[in-house]
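*Asks:* One structure coming up, written as C-alpha cells, with questions to follow.
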Amino acid sequence: MSLKNKTALITGSTSGIGLGIAKALANQGANIILNGFGDVDAAIGEVSSAGSRVEYHPADLSKPLDIESLMGFAASKFDQVDILVNNAGIQHVASLEDFRVQHWDAILAVNLSAAFHTTRLALPAMRASNWGRIINMGSVHALVASVNKAAYVAAKHGIVGLTKVTALETATTGITCNAICPGWVRTPLALKQVEDKAKTLNISLEEATKLSLGEKEPSMQFTTTDDIGQLVLFFCSPAGHNVRGVAWSMDGGWTAQ
Ligand code: NAD
C-alpha cells in the first residue's frame, strides 16, 4: 500500500503510540505532521528517516485556538489533512472525591474535546476530496471502567460516541472514522502507572508489571506501538473502506472477560 501524496496529522506524536503511528504512516510514504511536547527533535529525526516530508507544530491541544492554528498550519504546508489521528492523551489517577477539578478539565480537553475540534476543522477538505481517514485513540477504558480514573474513563467513553457520530455523518462518503481501544501498551504513559504501583507497594518494577498486566489483561503481554501502527495502516487501506464507527479492541482479551 502506498500513502504517497496523502498527509497525516497525528496529535501527540512525539512519544509512545503516536510516534509509532507516525513512523508506520511515514514508511508508507505519507507526509507527516507531528505534534506534542518533549524531545521534538528526536521524534522528527526518527520519523524523517523513512524519507517522507515531516513538519511539526507545537499546539497545546487543551487550547482550541492552538488547534485552529495547527489546522491552519497543516493547510498551509500540505493543502489538507487526509489522515487525522487523534491520539494525544493524558492520565491522572485519583478517587472521585480527591480528583482535582483542573485535572478533570485538562483530561476532558486533551482526550476528548481536541478530537472534536480537529475533526470539525479537517472534515470540509476531506469532503471536498471525498477521501479521509479519522482514527481516534480510545482505550479499554472507552468500553469498561476502572476505579480512580473518572476523567479518563469519561473522556474515552466520549471518544467512542464521537467516533460513531463522525462515522454516521460521513457514511455515504469516502471518509471513515474508527477508534482503537488498546489495553496495556508499553509507553511512558503506561510505564509511569507501573512505576507508581511499584513505589506505592514497595515492590520491584518487574513485580509491578506482572501485577498490572495480571489484574486485567489475560494475555499478560503489552501491545506494541508497532502493532497499533499496523492497525492504523489497515484502516487507511482500500480494504478498510467500509469499516465505519467501530471501537476496535487490541487488549489481550481484557474486554472479552
Ligand atoms: P505518551 O505519554 O507516551 O504520549 C502522549 C503524547 O501526547 C505525547 O506526544 C505528548 O507530548 C502529547 N501530549 C500530551 N498533552 C498534550 C497537549 N496538551 N497537547 C499536545 N500534545 C500533548 O502516551 P501514550 O501511551 O503513547 O498514549 C497515547 C494515546 O493512547 C493516549 O490517548 C492514551 O490515552 C492512549 N492509550 C494508551 C495506552 C497505554 O497503555 N499506553 C492504552 C490505551 C490507550
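Naming scheme: A, B, ... for chains in displayed order of the C-alpha cells; residues 1 onward per chain; ligands 1 onward as shown.
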Can you pull out the residues contacting Lys216 (chain A)? Cut-off 12 Å, using only C-alpha atoms, and skip same-chain residues under 6 positions away; I want them as a PDB file with N, CA and C atoms, in the first residue's frame.

*Replies:*
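After the write, out39.pdb holds the following:
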ATOM      1  N   VAL A 140      -9.177   0.515  26.354  1.00  0.00           N
ATOM      2  CA  VAL A 140     -10.151  -0.366  27.022  1.00  0.00           C
ATOM      3  C   VAL A 140     -11.074   0.477  27.881  1.00  0.00           C
ATOM      4  N   HIS A 141     -10.541   1.602  28.375  1.00  0.00           N
ATOM      5  CA  HIS A 141     -11.355   2.468  29.237  1.00  0.00           C
ATOM      6  C   HIS A 141     -12.376   3.290  28.457  1.00  0.00           C
ATOM      7  N   VAL A 144     -14.923  -0.179  29.163  1.00  0.00           N
ATOM      8  CA  VAL A 144     -15.151  -0.614  30.546  1.00  0.00           C
ATOM      9  C   VAL A 144     -14.435   0.375  31.469  1.00  0.00           C
ATOM     10  N   ALA A 145     -14.741   0.306  32.748  1.00  0.00           N
ATOM     11  CA  ALA A 145     -14.157   1.276  33.687  1.00  0.00           C
ATOM     12  C   ALA A 145     -13.140   0.631  34.612  1.00  0.00           C
ATOM     13  N   SER A 146     -12.349   1.461  35.256  1.00  0.00           N
ATOM     14  CA  SER A 146     -11.514   1.051  36.380  1.00  0.00           C
ATOM     15  C   SER A 146     -11.650   2.142  37.436  1.00  0.00           C
ATOM     16  N   GLY A 183      -5.393  -2.178  25.365  1.00  0.00           N
ATOM     17  CA  GLY A 183      -5.182  -2.390  26.797  1.00  0.00           C
ATOM     18  C   GLY A 183      -3.845  -1.761  27.160  1.00  0.00           C
ATOM     19  N   TRP A 184      -2.948  -2.554  27.788  1.00  0.00           N
ATOM     20  CA  TRP A 184      -1.636  -2.013  28.147  1.00  0.00           C
ATOM     21  C   TRP A 184      -0.723  -1.931  26.918  1.00  0.00           C
ATOM     22  N   THR A 209       4.928  -4.826  37.097  1.00  0.00           N
ATOM     23  CA  THR A 209       4.475  -5.074  35.717  1.00  0.00           C
ATOM     24  C   THR A 209       3.566  -6.296  35.679  1.00  0.00           C
ATOM     25  N   LYS A 210       4.022  -7.387  36.332  1.00  0.00           N
ATOM     26  CA  LYS A 210       3.229  -8.626  36.352  1.00  0.00           C
ATOM     27  C   LYS A 210       1.887  -8.380  37.022  1.00  0.00           C
ATOM     28  N   PHE A 222       2.127  -6.784  26.828  1.00  0.00           N
ATOM     29  CA  PHE A 222       1.884  -5.434  26.325  1.00  0.00           C
ATOM     30  C   PHE A 222       1.613  -5.511  24.824  1.00  0.00           C
ATOM     31  N   ASP A 251      -6.458  -5.626  23.131  1.00  0.00           N
ATOM     32  CA  ASP A 251      -6.304  -5.543  24.583  1.00  0.00           C
ATOM     33  C   ASP A 251      -5.979  -6.877  25.255  1.00  0.00           C
ATOM     34  N   GLY A 252      -5.450  -7.835  24.469  1.00  0.00           N
ATOM     35  CA  GLY A 252      -5.055  -9.121  25.058  1.00  0.00           C
ATOM     36  C   GLY A 252      -6.206  -9.853  25.737  1.00  0.00           C
ATOM     37  N   GLY A 253      -7.433  -9.530  25.348  1.00  0.00           N
ATOM     38  CA  GLY A 253      -8.596 -10.230  25.910  1.00  0.00           C
ATOM     39  C   GLY A 253      -9.261  -9.514  27.078  1.00  0.00           C
ATOM     40  N   TRP A 254      -8.762  -8.336  27.431  1.00  0.00           N
ATOM     41  CA  TRP A 254      -9.257  -7.591  28.608  1.00  0.00           C
ATOM     42  C   TRP A 254     -10.796  -7.470  28.588  1.00  0.00           C
ATOM     43  N   THR A 255     -11.340  -6.975  27.436  1.00  0.00           N
ATOM     44  CA  THR A 255     -12.791  -6.712  27.405  1.00  0.00           C
ATOM     45  C   THR A 255     -13.588  -7.943  26.961  1.00  0.00           C
ATOM     46  N   ALA A 256     -12.888  -9.083  26.750  1.00  0.00           N
ATOM     47  CA  ALA A 256     -13.628 -10.317  26.430  1.00  0.00           C
ATOM     48  C   ALA A 256     -14.139 -10.968  27.710  1.00  0.00           C
ATOM     49  N   GLN A 257     -13.646 -10.497  28.858  1.00  0.00           N
ATOM     50  CA  GLN A 257     -13.981 -11.171  30.123  1.00  0.00           C
ATOM     51  C   GLN A 257     -15.378 -10.816  30.580  1.00  0.00           C
TER      52      GLN A 257
END

*Asks:* Show me which residues sit within 8 Å of ligand 1 when counting only C-alpha atoms and all ligand atoms, and put them as number ranges by chain.

*Replies:* A: 11-19, 35-38, 58-63, 86-91, 106, 110-111, 137-141, 152, 156, 181-191, 222-223, 225

*Asks:* Which polymer residues have any atom within 7 Å of an atom of region 45-57 of chain A, counting only C-alpha atoms, with same-chain residues fewer than 4 positions away left out, as a PyMOL selection string?

*Replies:* chain A and resi 22-23+26-27+29-35+41+70

*Asks:* Would you mind telling me which residue in A:His92, A:Arg133, A:Lys192, A:Lys199 lies nearest to Ala167 (chain A) when using only C-alpha atoms?

*Replies:*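 Of A:His92, A:Arg133, A:Lys192, A:Lys199, the one nearest Ala167 (chain A) is A:Arg133, counting only C-alpha atoms.
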
*Asks:* Show me, as a tab-separated table, the residues of region 20-88 of chain A having an atom within 6 Å of region 226-243 of chain A, each with the closest atom pair and its distance in Å, using only C-alpha atoms.

*Replies:*
residue	atom	partner	partner_atom	distance
A:Gly20	CA	A:Asp226	CA	5.7
A:Ile21	CA	A:Gly229	CA	4.3
A:Ala24	CA	A:Gly229	CA	5.3

*Asks:* Output as an NGL selection string all residues of region 114-170 of chain A that backbone DSSP marks as alpha helix (DSSP H).

*Replies:* :A and (114-129 or 150-169)

*Asks:* Pull the strand (DSSP E) assignments for region 41-252 of chain A out of DSSP run on the backbone, and list those residues as JSON, numbers by chain.

*Replies:* {"A": [54, 55, 56, 57, 83, 84, 85, 86, 132, 133, 134, 135, 136, 137, 175, 176, 177, 178, 179, 180, 181, 182, 247, 248, 249, 250]}

*Asks:* Of the candidates A:Ala171, A:Leu211, A:Leu123, A:Ala179, which one gets nearest to Ala142 (chain A) if we count only C-alpha atoms?

*Replies:*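 Of the candidates, the smallest distance to Ala142 (chain A) is held by A:Ala179.
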
*Asks:* Which value, in Å to one decimal, gives the distance between CA of Met71 (chain A) and CA of Thr7 (chain A)?

*Replies:*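 Those two atoms sit 12.1 Å apart.
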
*Asks:* Using only C-alpha atoms for the distances, tell me which of A:Ser204, A:Ser212, A:Thr172, A:Asn148 is nearest to Trp104 (chain A).

*Replies:* A:Asn148
